[in-house]
$ cat final_39.cif   # mmCIF, C-alpha atoms
data_input
#
loop_
_atom_site.label_atom_id
_atom_site.label_comp_id
_atom_site.auth_asym_id
_atom_site.auth_seq_id
_atom_site.Cartn_x
_atom_site.Cartn_y
_atom_site.Cartn_z
CA MET A 269 171.44 163.54 -29.41
CA PRO A 270 171.42 165.17 -26.01
CA THR A 271 174.85 165.75 -24.65
CA GLY A 272 175.13 165.32 -20.91
CA GLY A 273 177.24 168.43 -20.41
CA ALA A 274 174.87 170.96 -21.94
CA THR A 275 171.83 169.36 -20.32
CA ASP A 276 173.53 169.37 -16.92
CA GLU A 277 174.54 172.97 -17.35
CA LEU A 278 171.02 174.13 -18.13
CA GLN A 279 169.64 172.02 -15.29
CA ALA A 280 172.11 173.59 -12.87
CA LEU A 281 171.23 177.08 -14.08
CA MET A 282 167.55 176.29 -13.71
CA ARG A 283 168.07 175.12 -10.12
CA GLY A 284 169.79 178.45 -9.54
CA VAL A 285 166.82 180.34 -10.95
CA VAL A 286 164.51 178.44 -8.61
CA ARG A 287 166.75 179.62 -5.72
CA ARG A 288 166.29 183.18 -7.08
CA ASP A 289 169.94 183.37 -8.17
CA ARG A 290 170.11 186.33 -10.53
CA ALA A 291 173.48 185.31 -11.97
CA ALA A 292 172.08 181.91 -12.91
CA PHE A 293 169.10 183.62 -14.51
CA ALA A 294 171.39 185.87 -16.55
CA ALA A 295 173.44 182.87 -17.66
CA LEU A 296 170.32 180.91 -18.58
CA TYR A 297 169.19 183.85 -20.68
CA ASP A 298 172.54 184.12 -22.41
CA ARG A 299 172.59 180.43 -23.21
CA THR A 300 169.04 180.08 -24.49
CA ALA A 301 167.69 183.46 -25.66
CA PRO A 302 169.12 183.30 -29.22
CA GLN A 303 167.46 179.96 -29.92
CA LEU A 304 164.19 181.08 -28.34
CA PHE A 305 164.30 184.34 -30.26
CA GLY A 306 164.74 182.35 -33.47
CA ILE A 307 161.72 180.22 -32.62
CA ALA A 308 159.58 183.29 -31.86
CA LEU A 309 160.70 184.98 -35.06
CA ARG A 310 159.79 181.97 -37.13
CA ILE A 311 156.27 182.02 -35.71
CA LEU A 312 155.76 185.79 -35.76
CA ARG A 313 157.95 186.85 -38.72
CA GLN A 314 158.06 190.28 -37.15
CA ARG A 315 161.00 191.37 -35.07
CA GLU A 316 159.28 193.70 -32.66
CA GLU A 317 156.62 191.18 -31.79
CA ALA A 318 159.20 188.44 -31.36
CA GLU A 319 161.16 190.71 -29.00
CA ASP A 320 158.05 191.39 -26.91
CA VAL A 321 157.25 187.71 -26.69
CA LEU A 322 160.80 186.81 -25.73
CA GLN A 323 160.76 189.39 -22.97
CA GLU A 324 157.39 188.25 -21.62
CA ALA A 325 158.49 184.65 -21.74
CA PHE A 326 161.62 185.25 -19.67
CA VAL A 327 159.70 187.21 -17.05
CA ALA A 328 157.33 184.23 -16.90
CA VAL A 329 160.31 181.88 -16.62
CA TRP A 330 161.49 183.78 -13.53
CA ASP A 331 158.00 183.79 -12.03
CA ARG A 332 157.21 180.17 -12.76
CA ALA A 333 160.63 178.58 -12.40
CA ALA A 334 159.51 176.49 -9.45
CA SER A 335 156.99 174.71 -11.66
CA PHE A 336 159.74 173.28 -13.86
CA ASP A 337 160.03 169.56 -13.23
CA PRO A 338 163.30 168.00 -14.42
CA GLU A 339 161.66 164.57 -14.31
CA ARG A 340 159.28 165.61 -17.05
CA GLY A 341 161.61 166.94 -19.67
CA SER A 342 164.55 169.09 -20.56
CA VAL A 343 165.04 172.71 -19.59
CA MET A 344 165.05 173.84 -23.20
CA THR A 345 161.77 172.11 -23.94
CA TRP A 346 160.19 173.77 -20.93
CA LEU A 347 161.47 177.18 -21.99
CA VAL A 348 160.09 176.61 -25.48
CA SER A 349 156.71 175.66 -24.03
CA VAL A 350 156.61 178.93 -22.09
CA LEU A 351 157.49 180.89 -25.22
CA ARG A 352 155.54 179.12 -27.96
CA HIS A 353 152.00 179.56 -26.68
CA ARG A 354 152.68 183.25 -26.19
CA ALA A 355 154.01 183.57 -29.72
CA ILE A 356 151.06 181.66 -31.15
CA ASP A 357 148.56 183.82 -29.22
CA ARG A 358 150.23 186.94 -30.52
CA ARG A 359 150.09 185.62 -34.04
CA ARG A 360 146.40 184.81 -33.75
CA ARG A 361 145.60 188.32 -32.61
CA ARG A 362 146.49 189.69 -36.01
CA ALA A 363 143.26 190.77 -37.59
CA HIS A 364 143.78 189.52 -41.11
CA LEU A 365 144.43 185.96 -41.94
CA GLU A 366 146.48 187.03 -44.93
CA ASP A 367 148.87 188.88 -42.63
CA ARG A 368 149.67 185.68 -40.86
CA LEU A 369 150.60 183.55 -43.81
CA GLY A 370 154.18 183.73 -45.00
CA SER A 371 155.99 182.06 -47.80
CA GLU A 372 157.77 179.44 -45.67
CA ASP A 373 160.10 178.64 -48.52
CA ASP A 374 162.46 177.13 -46.04
CA LEU A 375 159.94 174.57 -44.88
CA LEU A 376 161.64 171.71 -46.60
CA ALA A 377 164.90 172.67 -44.98
CA LEU A 378 163.26 171.78 -41.70
CA THR A 379 163.51 168.16 -42.47
CA ALA A 380 166.91 168.43 -44.12
CA GLY A 381 170.16 169.75 -42.76
CA ALA A 382 168.98 171.38 -39.55
CA THR A 383 171.34 171.78 -36.67
CA ASP A 384 170.85 169.37 -33.83
CA GLN A 385 170.52 170.93 -30.42
CA ALA A 386 172.61 169.97 -27.46
CA ASP A 387 169.77 169.91 -24.97
CA ARG A 388 167.11 167.82 -26.65
CA GLY A 389 164.92 165.10 -25.34
CA ALA A 390 164.65 163.37 -28.67
CA SER A 391 166.95 163.35 -31.63
CA LEU A 392 166.23 165.27 -34.77
CA ALA A 393 167.31 162.35 -36.89
CA ALA A 394 164.67 160.07 -35.39
CA LEU A 395 161.96 162.67 -35.84
CA GLN A 396 163.05 163.34 -39.42
CA LYS A 397 162.81 159.69 -40.21
CA CYS A 398 159.32 159.46 -38.76
CA LEU A 399 158.19 162.66 -40.47
CA GLY A 400 159.51 161.16 -43.69
CA GLU A 401 157.07 158.28 -43.33
CA LEU A 402 154.06 160.63 -43.44
CA GLU A 403 152.33 161.61 -46.67
CA PRO A 404 153.74 164.90 -47.99
CA ARG A 405 150.70 167.10 -47.34
CA PRO A 406 149.94 165.90 -43.80
CA ARG A 407 153.64 166.28 -43.05
CA ARG A 408 153.51 169.82 -44.35
CA ALA A 409 150.51 170.52 -42.13
CA VAL A 410 152.36 169.25 -39.05
CA LEU A 411 155.42 171.33 -39.78
CA LEU A 412 153.49 174.48 -40.62
CA ALA A 413 151.55 174.13 -37.38
CA TYR A 414 154.47 173.36 -35.12
CA ALA A 415 157.25 175.45 -36.61
CA TYR A 416 155.21 178.40 -37.86
CA GLY A 417 152.27 178.33 -35.48
CA TYR A 418 149.57 177.85 -38.10
CA THR A 419 146.00 177.28 -36.89
CA HIS A 420 143.71 174.68 -38.45
CA GLU A 421 141.99 177.48 -40.34
CA GLU A 422 145.28 178.80 -41.70
CA LEU A 423 146.39 175.31 -42.67
CA ALA A 424 143.14 174.80 -44.57
CA LYS A 425 143.63 178.05 -46.44
CA ARG A 426 147.28 177.47 -47.10
CA LEU A 427 146.92 173.88 -48.25
CA THR A 428 143.59 174.61 -50.04
CA THR A 429 141.98 171.71 -48.24
CA PRO A 430 138.78 171.60 -46.17
CA ILE A 431 139.39 172.28 -42.48
CA GLY A 432 137.95 168.90 -41.43
CA THR A 433 140.43 167.12 -43.64
CA VAL A 434 143.31 169.15 -42.27
CA LYS A 435 142.26 168.35 -38.70
CA SER A 436 142.19 164.65 -39.36
CA TRP A 437 145.54 164.83 -41.20
CA VAL A 438 147.13 166.32 -38.12
CA ARG A 439 145.48 163.86 -35.76
CA ARG A 440 146.47 160.86 -37.82
CA SER A 441 149.98 162.25 -38.25
CA LEU A 442 150.36 162.67 -34.50
CA GLU A 443 149.28 159.07 -33.94
CA ARG A 444 151.73 157.82 -36.52
CA LEU A 445 154.56 159.96 -35.21
CA LYS A 446 154.01 158.64 -31.74
CA GLN A 447 154.01 155.03 -32.91
CA CYS A 448 157.11 155.61 -34.97
CA LEU A 449 159.03 157.49 -32.23
CA ASP A 450 158.00 155.40 -29.26
CA GLY A 451 157.83 152.05 -31.03
CA MET B 72 133.87 165.57 -24.63
CA ASN B 73 134.88 162.64 -22.52
CA TYR B 74 138.19 163.63 -21.01
CA ARG B 75 138.70 160.19 -19.54
CA ASP B 76 139.08 158.42 -22.85
CA PRO B 77 142.84 157.68 -22.93
CA LYS B 78 143.07 158.02 -26.68
CA LEU B 79 141.34 161.37 -26.71
CA ARG B 80 143.45 162.61 -23.81
CA ASP B 81 146.64 161.79 -25.67
CA LEU B 82 145.33 163.37 -28.84
CA LEU B 83 144.39 166.58 -27.06
CA ALA B 84 147.78 166.59 -25.33
CA GLY B 85 149.40 166.34 -28.76
CA GLU B 86 147.29 169.13 -30.23
CA TYR B 87 147.97 171.26 -27.18
CA ALA B 88 151.72 170.72 -27.56
CA MET B 89 151.41 171.58 -31.24
CA GLY B 90 149.69 174.84 -30.32
CA LEU B 91 146.63 173.87 -32.33
CA LEU B 92 143.90 174.08 -29.72
CA PRO B 93 141.75 177.18 -30.26
CA PRO B 94 141.79 179.61 -27.31
CA ARG B 95 138.67 178.37 -25.50
CA ALA B 96 139.54 174.71 -25.86
CA ARG B 97 143.05 175.48 -24.74
CA ALA B 98 141.89 177.30 -21.62
CA ARG B 99 139.64 174.34 -20.79
CA PHE B 100 142.49 171.92 -21.37
CA GLU B 101 144.85 173.93 -19.17
CA ARG B 102 142.34 173.94 -16.32
CA LEU B 103 142.02 170.20 -16.66
CA MET B 104 145.77 169.77 -16.81
CA ALA B 105 146.32 171.79 -13.62
CA GLY B 106 144.82 169.01 -11.51
CA ASP B 107 145.85 166.04 -13.59
CA ALA B 108 149.48 164.93 -13.32
CA GLU B 109 149.04 162.24 -15.95
CA LEU B 110 147.79 164.76 -18.47
CA GLN B 111 150.80 166.95 -17.69
CA ARG B 112 152.98 163.95 -18.39
CA LEU B 113 151.28 163.31 -21.74
CA VAL B 114 151.85 166.93 -22.76
CA ALA B 115 155.48 166.83 -21.65
CA ASP B 116 156.00 163.65 -23.70
CA TRP B 117 154.59 165.35 -26.78
CA GLN B 118 156.75 168.39 -26.22
CA GLU B 119 159.83 166.19 -26.06
CA ARG B 120 158.81 164.33 -29.23
CA LEU B 121 158.37 167.55 -31.18
CA ALA B 122 161.25 169.48 -29.58
CA PRO B 123 163.82 168.61 -32.27
CA ILE B 124 161.88 170.87 -34.66
CA ASP B 125 162.67 173.84 -32.38
CA GLY B 126 166.35 173.41 -33.16
CA THR B 127 165.65 174.03 -36.85
CA ALA B 128 164.80 177.69 -36.19
CA PRO B 129 167.93 179.69 -36.98
CA PRO B 130 169.12 181.23 -33.70
CA LEU B 131 169.54 184.98 -33.57
CA ALA B 132 170.95 187.09 -30.74
CA PRO B 133 168.22 189.38 -29.44
CA PRO B 134 169.10 193.03 -28.77
CA ARG B 135 170.59 193.66 -25.33
CA ARG B 136 167.70 195.86 -24.28
CA ILE B 137 165.48 192.78 -24.11
CA TRP B 138 167.58 191.41 -21.29
CA ARG B 139 167.50 194.76 -19.53
CA ALA B 140 163.71 194.79 -19.78
CA VAL B 141 163.55 191.23 -18.44
CA GLU B 142 165.75 192.25 -15.53
CA GLN B 143 163.63 195.27 -14.80
CA GLY B 144 160.45 193.23 -14.95
CA THR B 145 161.71 190.45 -12.70
CA LEU B 146 163.49 192.64 -10.16
CA GLN B 147 160.29 194.45 -9.37
CA ARG B 148 158.43 191.20 -9.02
CA SER B 149 161.13 189.72 -6.86
CA PHE B 150 160.43 192.17 -4.16
CA PRO B 151 156.75 192.19 -3.31
CA PRO B 152 155.56 194.53 -0.54
CA LEU B 153 156.03 191.62 1.90
CA PRO B 154 152.56 191.23 3.39
CA LYS B 155 152.84 188.49 5.99
CA GLY B 156 154.05 184.95 5.99
CA SER B 157 154.90 183.29 2.73
CA GLY B 158 155.98 186.26 0.63
CA ARG B 159 158.94 186.81 2.86
CA LEU B 160 160.76 183.62 2.04
CA HIS B 161 160.50 184.25 -1.64
CA SER B 162 161.94 187.67 -1.26
CA LEU B 163 164.68 186.71 1.16
CA ALA B 164 165.85 183.97 -1.12
CA PHE B 165 166.07 186.54 -3.83
CA TRP B 166 168.05 188.98 -1.73
CA ARG B 167 170.60 186.35 -1.01
CA GLY B 168 170.82 185.28 -4.60
CA PHE B 169 172.75 188.28 -5.71
CA ALA B 170 175.41 188.21 -3.13
CA GLY B 171 177.90 185.98 -4.93
CA ALA B 172 178.79 188.41 -7.67
CA ALA B 173 179.01 191.33 -5.29
CA ALA B 174 181.30 189.37 -2.99
CA ALA B 175 183.81 188.95 -5.80
CA ILE B 176 183.73 192.66 -6.51
CA ALA B 177 184.11 193.46 -2.81
CA LEU B 178 187.13 191.22 -2.61
CA ALA B 179 188.69 192.96 -5.57
CA LEU B 180 188.02 196.36 -4.03
CA MET B 181 189.45 195.30 -0.70
CA ILE B 182 192.69 194.35 -2.38
CA TYR B 183 192.67 197.61 -4.26
CA ILE B 184 192.11 199.69 -1.15
CA ALA B 185 194.71 197.75 0.83
CA ALA B 186 197.31 198.20 -1.90
CA GLY B 187 196.73 201.93 -2.28
CA SER B 188 196.46 202.93 1.33
CA GLY B 189 200.06 203.12 2.58
CA PRO B 190 200.51 203.63 6.31
CA VAL B 191 197.03 205.03 7.01
CA PRO B 192 194.81 202.26 8.38
CA ALA B 193 192.51 201.29 5.55
CA PRO B 194 188.81 201.02 6.21
CA THR B 195 187.55 197.53 5.69
CA VAL B 196 185.05 197.05 2.94
CA LEU B 197 182.12 195.30 4.51
CA ALA B 198 179.90 195.03 1.49
CA VAL B 199 179.58 196.22 -2.05
CA LEU B 200 176.04 196.83 -3.20
CA ALA B 201 175.73 196.23 -6.89
CA ASP B 202 172.93 196.73 -9.36
CA SER B 203 171.39 193.84 -11.23
CA ALA B 204 174.14 193.95 -13.84
CA GLY B 205 176.73 193.55 -11.10
CA THR B 206 177.98 197.15 -11.31
CA PRO B 207 179.00 198.39 -7.86
CA ALA B 208 176.84 201.31 -6.76
CA PHE B 209 177.20 201.65 -2.96
CA ILE B 210 179.92 200.61 -0.62
CA ALA B 211 179.76 199.90 3.10
CA THR B 212 183.02 200.46 4.95
CA ARG B 213 184.14 200.38 8.55
CA ALA B 214 187.22 201.93 10.14
CA GLU B 215 189.38 199.47 12.04
CA ARG B 216 187.41 198.41 15.12
CA GLY B 217 185.06 201.33 14.43
CA GLU B 218 181.65 201.52 16.01
CA GLN B 219 180.06 202.78 12.87
CA VAL B 220 179.67 201.61 9.34
CA SER B 221 179.62 204.16 6.59
CA VAL B 222 177.46 203.59 3.52
CA ALA B 223 177.81 205.80 0.46
CA PRO B 224 177.51 205.58 -3.30
CA VAL B 225 180.73 204.95 -5.20
CA ARG B 226 179.56 207.55 -7.72
CA ALA B 227 176.47 209.70 -8.08
CA GLN B 228 173.40 207.56 -8.70
CA SER B 229 170.41 208.83 -10.58
CA LEU B 230 167.37 209.28 -8.37
CA GLU B 231 164.05 210.66 -9.55
CA ALA B 232 162.44 213.59 -7.77
CA GLN B 233 160.25 212.75 -4.76
CA LYS B 234 162.05 209.49 -4.24
CA SER B 235 164.59 208.31 -1.70
CA PHE B 236 167.05 205.46 -1.47
CA GLU B 237 166.55 203.48 1.69
CA LEU B 238 169.04 201.03 3.15
CA TRP B 239 167.97 197.71 4.66
CA ALA B 240 169.66 194.87 6.49
CA ILE B 241 168.34 191.37 6.09
CA ALA B 242 169.56 188.55 8.27
CA GLY B 243 167.03 185.76 8.41
CA GLY B 244 163.97 187.89 9.23
CA PRO B 245 162.11 190.80 7.72
CA PRO B 246 164.32 193.58 6.34
CA LYS B 247 165.38 196.13 9.01
CA PRO B 248 165.39 199.77 7.93
CA LEU B 249 168.78 201.43 8.46
CA GLY B 250 168.01 204.88 7.09
CA LEU B 251 168.03 206.92 3.94
CA VAL B 252 171.18 206.90 1.93
CA SER B 253 172.29 209.76 -0.28
CA ALA B 254 172.46 209.38 -4.04
CA THR B 255 175.71 211.34 -4.16
CA PRO B 256 179.10 210.56 -2.58
CA GLY B 257 180.47 212.68 0.25
CA ASN B 258 177.55 212.39 2.64
CA PRO B 259 177.66 208.84 3.93
CA LEU B 260 174.96 207.24 6.02
CA LEU B 261 176.44 206.12 9.32
CA VAL B 262 174.90 203.09 10.93
CA SER B 263 175.79 201.23 14.05
CA ALA B 264 178.25 198.45 13.26
CA SER B 265 176.35 196.02 15.45
CA ALA B 266 173.35 196.34 13.11
CA VAL B 267 175.18 195.08 10.10
CA VAL B 268 178.43 193.38 10.97
CA THR B 269 177.48 189.78 10.60
CA ALA B 270 178.88 187.86 7.69
CA GLY B 271 176.05 186.84 5.41
CA THR B 272 173.75 189.74 6.26
CA VAL B 273 172.49 191.28 3.07
CA LEU B 274 172.48 195.03 2.66
CA ALA B 275 170.05 196.35 0.12
CA VAL B 276 168.91 199.69 -1.20
CA SER B 277 165.33 200.05 -2.34
CA LEU B 278 163.60 202.89 -4.11
CA GLU B 279 161.07 204.51 -1.79
CA PRO B 280 158.83 207.54 -1.64
CA GLU B 281 160.65 210.66 -0.47
CA GLY B 282 161.46 210.30 3.22
CA GLY B 283 161.49 206.52 3.15
CA SER B 284 159.08 203.63 3.25
CA PRO B 285 155.86 204.51 5.08
CA THR B 286 155.41 200.92 6.24
CA GLY B 287 158.75 200.08 7.80
CA LEU B 288 159.24 197.47 5.11
CA PRO B 289 160.50 198.05 1.58
CA THR B 290 157.75 199.09 -0.79
CA GLY B 291 159.70 199.78 -3.97
CA PRO B 292 162.06 197.74 -6.11
CA VAL B 293 165.41 196.67 -4.74
CA LEU B 294 167.93 198.41 -6.92
CA PHE B 295 171.21 197.49 -5.27
CA GLN B 296 172.35 194.84 -2.88
CA GLY B 297 175.35 193.01 -1.52
CA LYS B 298 176.28 190.55 1.18
CA VAL B 299 178.32 191.52 4.22
CA LEU B 300 181.58 189.66 4.04
CA ALA B 301 183.46 188.03 6.86
CA GLU B 302 185.66 190.88 8.05
CA ALA B 303 189.17 190.70 6.72
CA ASN B 304 191.53 192.03 9.38
#
$ encode --input "final_39.cif" --output "structure tokens"
Amino acid sequence: MPTGGATDELQALMRGVVRRDRAAFAALYDRTAPQLFGIALRILRQREEAEDVLQEAFVAVWDRAASFDPERGSVMTWLVSVLRHRAIDRRRRRAHLEDRLGSEDDLLALTAGATDQADRGASLAALQKCLGELEPRPRRAVLLAYAYGYTHEELAKRLTTPIGTVKSWVRRSLERLKQCLDG
Amino acid sequence: MNYRDPKLRDLLAGEYAMGLLPPRARARFERLMAGDAELQRLVADWQERLAPIDGTAPPLAPPRRIWRAVEQGTLQRSFPPLPKGSGRLHSLAFWRGFAGAAAAIALALMIYIAAGSGPVPAPTVLAVLADSAGTPAFIATRAERGEQVSVAPVRAQSLEAQKSFELWAIAGGPPKPLGLVSATPGNPLLVSASAVVTAGTVLAVSLEPEGGSPTGLPTGPVLFQGKVLAEAN
């Protein structure tokens, strides 16, 4: 569950960044870079590329700080959104599909004992419960796509399932997740 | 596709948040989103729903050089060549941003100088100009009731060939050039006290072509800066 303290702290740092406060920017980096680096590494599975993406993302955070809207969501979620698309783009630029697919042995751990984050809009427990209500293979598709940045094509290959089927798995899963989380 | 169908909009927002839209579809969606606050809201809602998965990535401290590269990249952007109008505000806000950390260092130095000075009247530290990591690089001092302020590096600073350090004062308008400042101690730049002695004025050193900025406004990155403190007498 979100804890007020951590959320407030990140919000305050973010307001500082908007005011062009370098100290606030440095503190925001210190507080969030390890988690963001972990997220980039999971998508890219390659340290150097994850480092590049992290660096680009923080430069973009400085440039685009004013577009952060605290009414819309948490600071951490915004930072992740800045980072993730960059990481996914980088991953897609790899020439060979085979180079992009990893073993993802830890996939199941995603829905088990993961650490809850302080600054989260939704709770992991609620999402786990809702993910648990999906069929195993659609659930796997959702997690591979979100956590590891798989494309539809990669999901199809990985799950040895036609791409059309994979697409509709994800769509139906999103609908069901929304109903379960919002309902 | 009919982008007004609420169900489709929400679905696309979800796929966008997942990172599943292929590049062209994503670019189209982002253009659409730019002018559509409700679509932005749908995306943000999806991001919040999925965000708990982010926390399952094991965190890992990135190497320190990443932060240094981020600093480098953003410092240069923070100081555009100041064309006219809007750019100025952005840059001024940035200049002021730094001053807090430098003020603390200046205070510490003031105490240090006062304690070590004995009967000789100690110059007052007006400002400490620090780099982006907060390391003091230049110091501006003024003799008691002196007419001039002396600005010099606290230790030799590295400066590439065919470049100069130029000192600027910013107090609510465009930066005012104060002159070139040496990269080595022992040859301070003397400036008129009236040009800088106002608490809150920011002193900054930018990297310029040899001989100084050709435009009268900073053209290179701001490497060091600090706020002028209320004079302690």
$ atom_distance --input "final_39.cif" --atom1 "CA of Arg290 (chain A)" --atom2 "CA of Thr206 (chain B)"
13.4 Å
$ interface_residues --input "final_39.cif" --of "chain A" --to "chain B" --cutoff "8 Å" --atoms "all atoms listed in the file" --output "PyMOL selection string"
chain A and resi 287-291+297+301-307+310+319+322-324+326-327+330-331+340-342+345+348-349+352-353+356+378+382-385+388-392+395+413-415+417-420+439+442-443+446+449
$ atom_distance --input "final_39.cif" --atom1 "CA of Ala211 (chain B)" --atom2 "CA of Gly257 (chain B)"
13.1 Å
$ atom_distance --input "final_39.cif" --atom1 "CA of Phe236 (chain B)" --atom2 "CA of Val252 (chain B)"
5.5 Å
$ axis_aligned_box --input "final_39.cif" --around "region 421-430 of chain A" --padding-each-side "8 Å" --output "lines of an AutoDock Vina configuration file"
center_x = 143.0
center_y = 175.2
center_z = -45.2
size_x = 24.5
size_y = 23.2
size_z = 25.7
$ residues_around --input "final_39.cif" --residues "Leu278 (chain B)" --least-positions-apart "3" --cutoff "8 Å" --atoms "all atoms listed in the file" --output "ChimeraX atom specification"
/B:234-237,290-294
$ closest_residue --input "final_39.cif" --among "B:Ala254, B:Leu238, B:Ala232, B:Ala264" --to "Thr212 (chain B)" --atoms "all atoms listed in the file"
B:Ala264
$ residues_around --input "final_39.cif" --residues "Gln228 (chain B)" --least-positions-apart "4" --cutoff "10 Å" --atoms "only C-alpha atoms" --output "list in words"
Ala208, Phe209, Pro224, Phe236, Ser253, Ala254, Thr255 and Pro256 of chain B
$ write_last_selection --input "final_39.cif" --atoms "C-alpha atoms" --output "compact mmCIF listing (two decimals), in the coordinates of the input"
# COMPACT_ATOMS: atom_id res chain seq x y z
CA ALA B 208 176.84 201.31 -6.76
CA PHE B 209 177.20 201.65 -2.96
CA PRO B 224 177.51 205.58 -3.30
CA PHE B 236 167.05 205.46 -1.47
CA SER B 253 172.29 209.76 -0.28
CA ALA B 254 172.46 209.38 -4.04
CA THR B 255 175.71 211.34 -4.16
CA PRO B 256 179.10 210.56 -2.58
$ closest_residue --input "final_39.cif" --among "A:Arg359, A:Gly451, A:Thr428, A:Leu412" --to "Cys398 (chain A)" --atoms "all atoms listed in the file"
A:Gly451
$ build_atoms --input "final_39.cif" --residues "region 313-332 of chain A" --atoms "N, CA and C atoms" --output "compact mmCIF listing (two decimals), in the coordinates of the input"
# COMPACT_ATOMS: atom_id res chain seq x y z
N ARG A 313 157.38 186.20 -37.54
CA ARG A 313 157.95 186.85 -38.72
C ARG A 313 157.95 188.37 -38.59
N GLN A 314 158.08 188.84 -37.39
CA GLN A 314 158.06 190.28 -37.15
C GLN A 314 158.91 190.52 -35.91
N ARG A 315 159.99 191.25 -36.10
CA ARG A 315 161.00 191.37 -35.07
C ARG A 315 160.47 191.94 -33.76
N GLU A 316 159.72 193.03 -33.88
CA GLU A 316 159.28 193.70 -32.66
C GLU A 316 158.39 192.78 -31.82
N GLU A 317 157.51 192.08 -32.52
CA GLU A 317 156.62 191.18 -31.79
C GLU A 317 157.40 190.02 -31.17
N ALA A 318 158.39 189.54 -31.90
CA ALA A 318 159.20 188.44 -31.36
C ALA A 318 159.98 188.91 -30.13
N GLU A 319 160.44 190.15 -30.16
CA GLU A 319 161.16 190.71 -29.00
C GLU A 319 160.23 190.79 -27.79
N ASP A 320 159.02 191.29 -28.01
CA ASP A 320 158.05 191.39 -26.91
C ASP A 320 157.79 190.02 -26.29
N VAL A 321 157.58 189.04 -27.17
CA VAL A 321 157.25 187.71 -26.69
C VAL A 321 158.42 187.10 -25.92
N LEU A 322 159.62 187.33 -26.42
CA LEU A 322 160.80 186.81 -25.73
C LEU A 322 160.91 187.41 -24.33
N GLN A 323 160.69 188.70 -24.26
CA GLN A 323 160.76 189.39 -22.97
C GLN A 323 159.70 188.86 -22.00
N GLU A 324 158.46 188.77 -22.47
CA GLU A 324 157.39 188.25 -21.62
C GLU A 324 157.69 186.83 -21.15
N ALA A 325 158.23 186.05 -22.07
CA ALA A 325 158.49 184.65 -21.74
C ALA A 325 159.54 184.55 -20.63
N PHE A 326 160.59 185.37 -20.71
CA PHE A 326 161.62 185.25 -19.67
C PHE A 326 161.14 185.77 -18.32
N VAL A 327 160.28 186.77 -18.33
CA VAL A 327 159.70 187.21 -17.05
C VAL A 327 158.87 186.06 -16.48
N ALA A 328 158.12 185.37 -17.35
CA ALA A 328 157.33 184.23 -16.90
C ALA A 328 158.22 183.09 -16.41
N VAL A 329 159.36 182.92 -17.04
CA VAL A 329 160.31 181.88 -16.62
C VAL A 329 160.76 182.16 -15.18
N TRP A 330 161.07 183.40 -14.90
CA TRP A 330 161.49 183.78 -13.53
C TRP A 330 160.34 183.52 -12.54
N ASP A 331 159.15 183.93 -12.93
CA ASP A 331 158.00 183.79 -12.03
C ASP A 331 157.63 182.33 -11.80
N ARG A 332 157.74 181.53 -12.84
CA ARG A 332 157.21 180.17 -12.76
C ARG A 332 158.27 179.11 -12.67
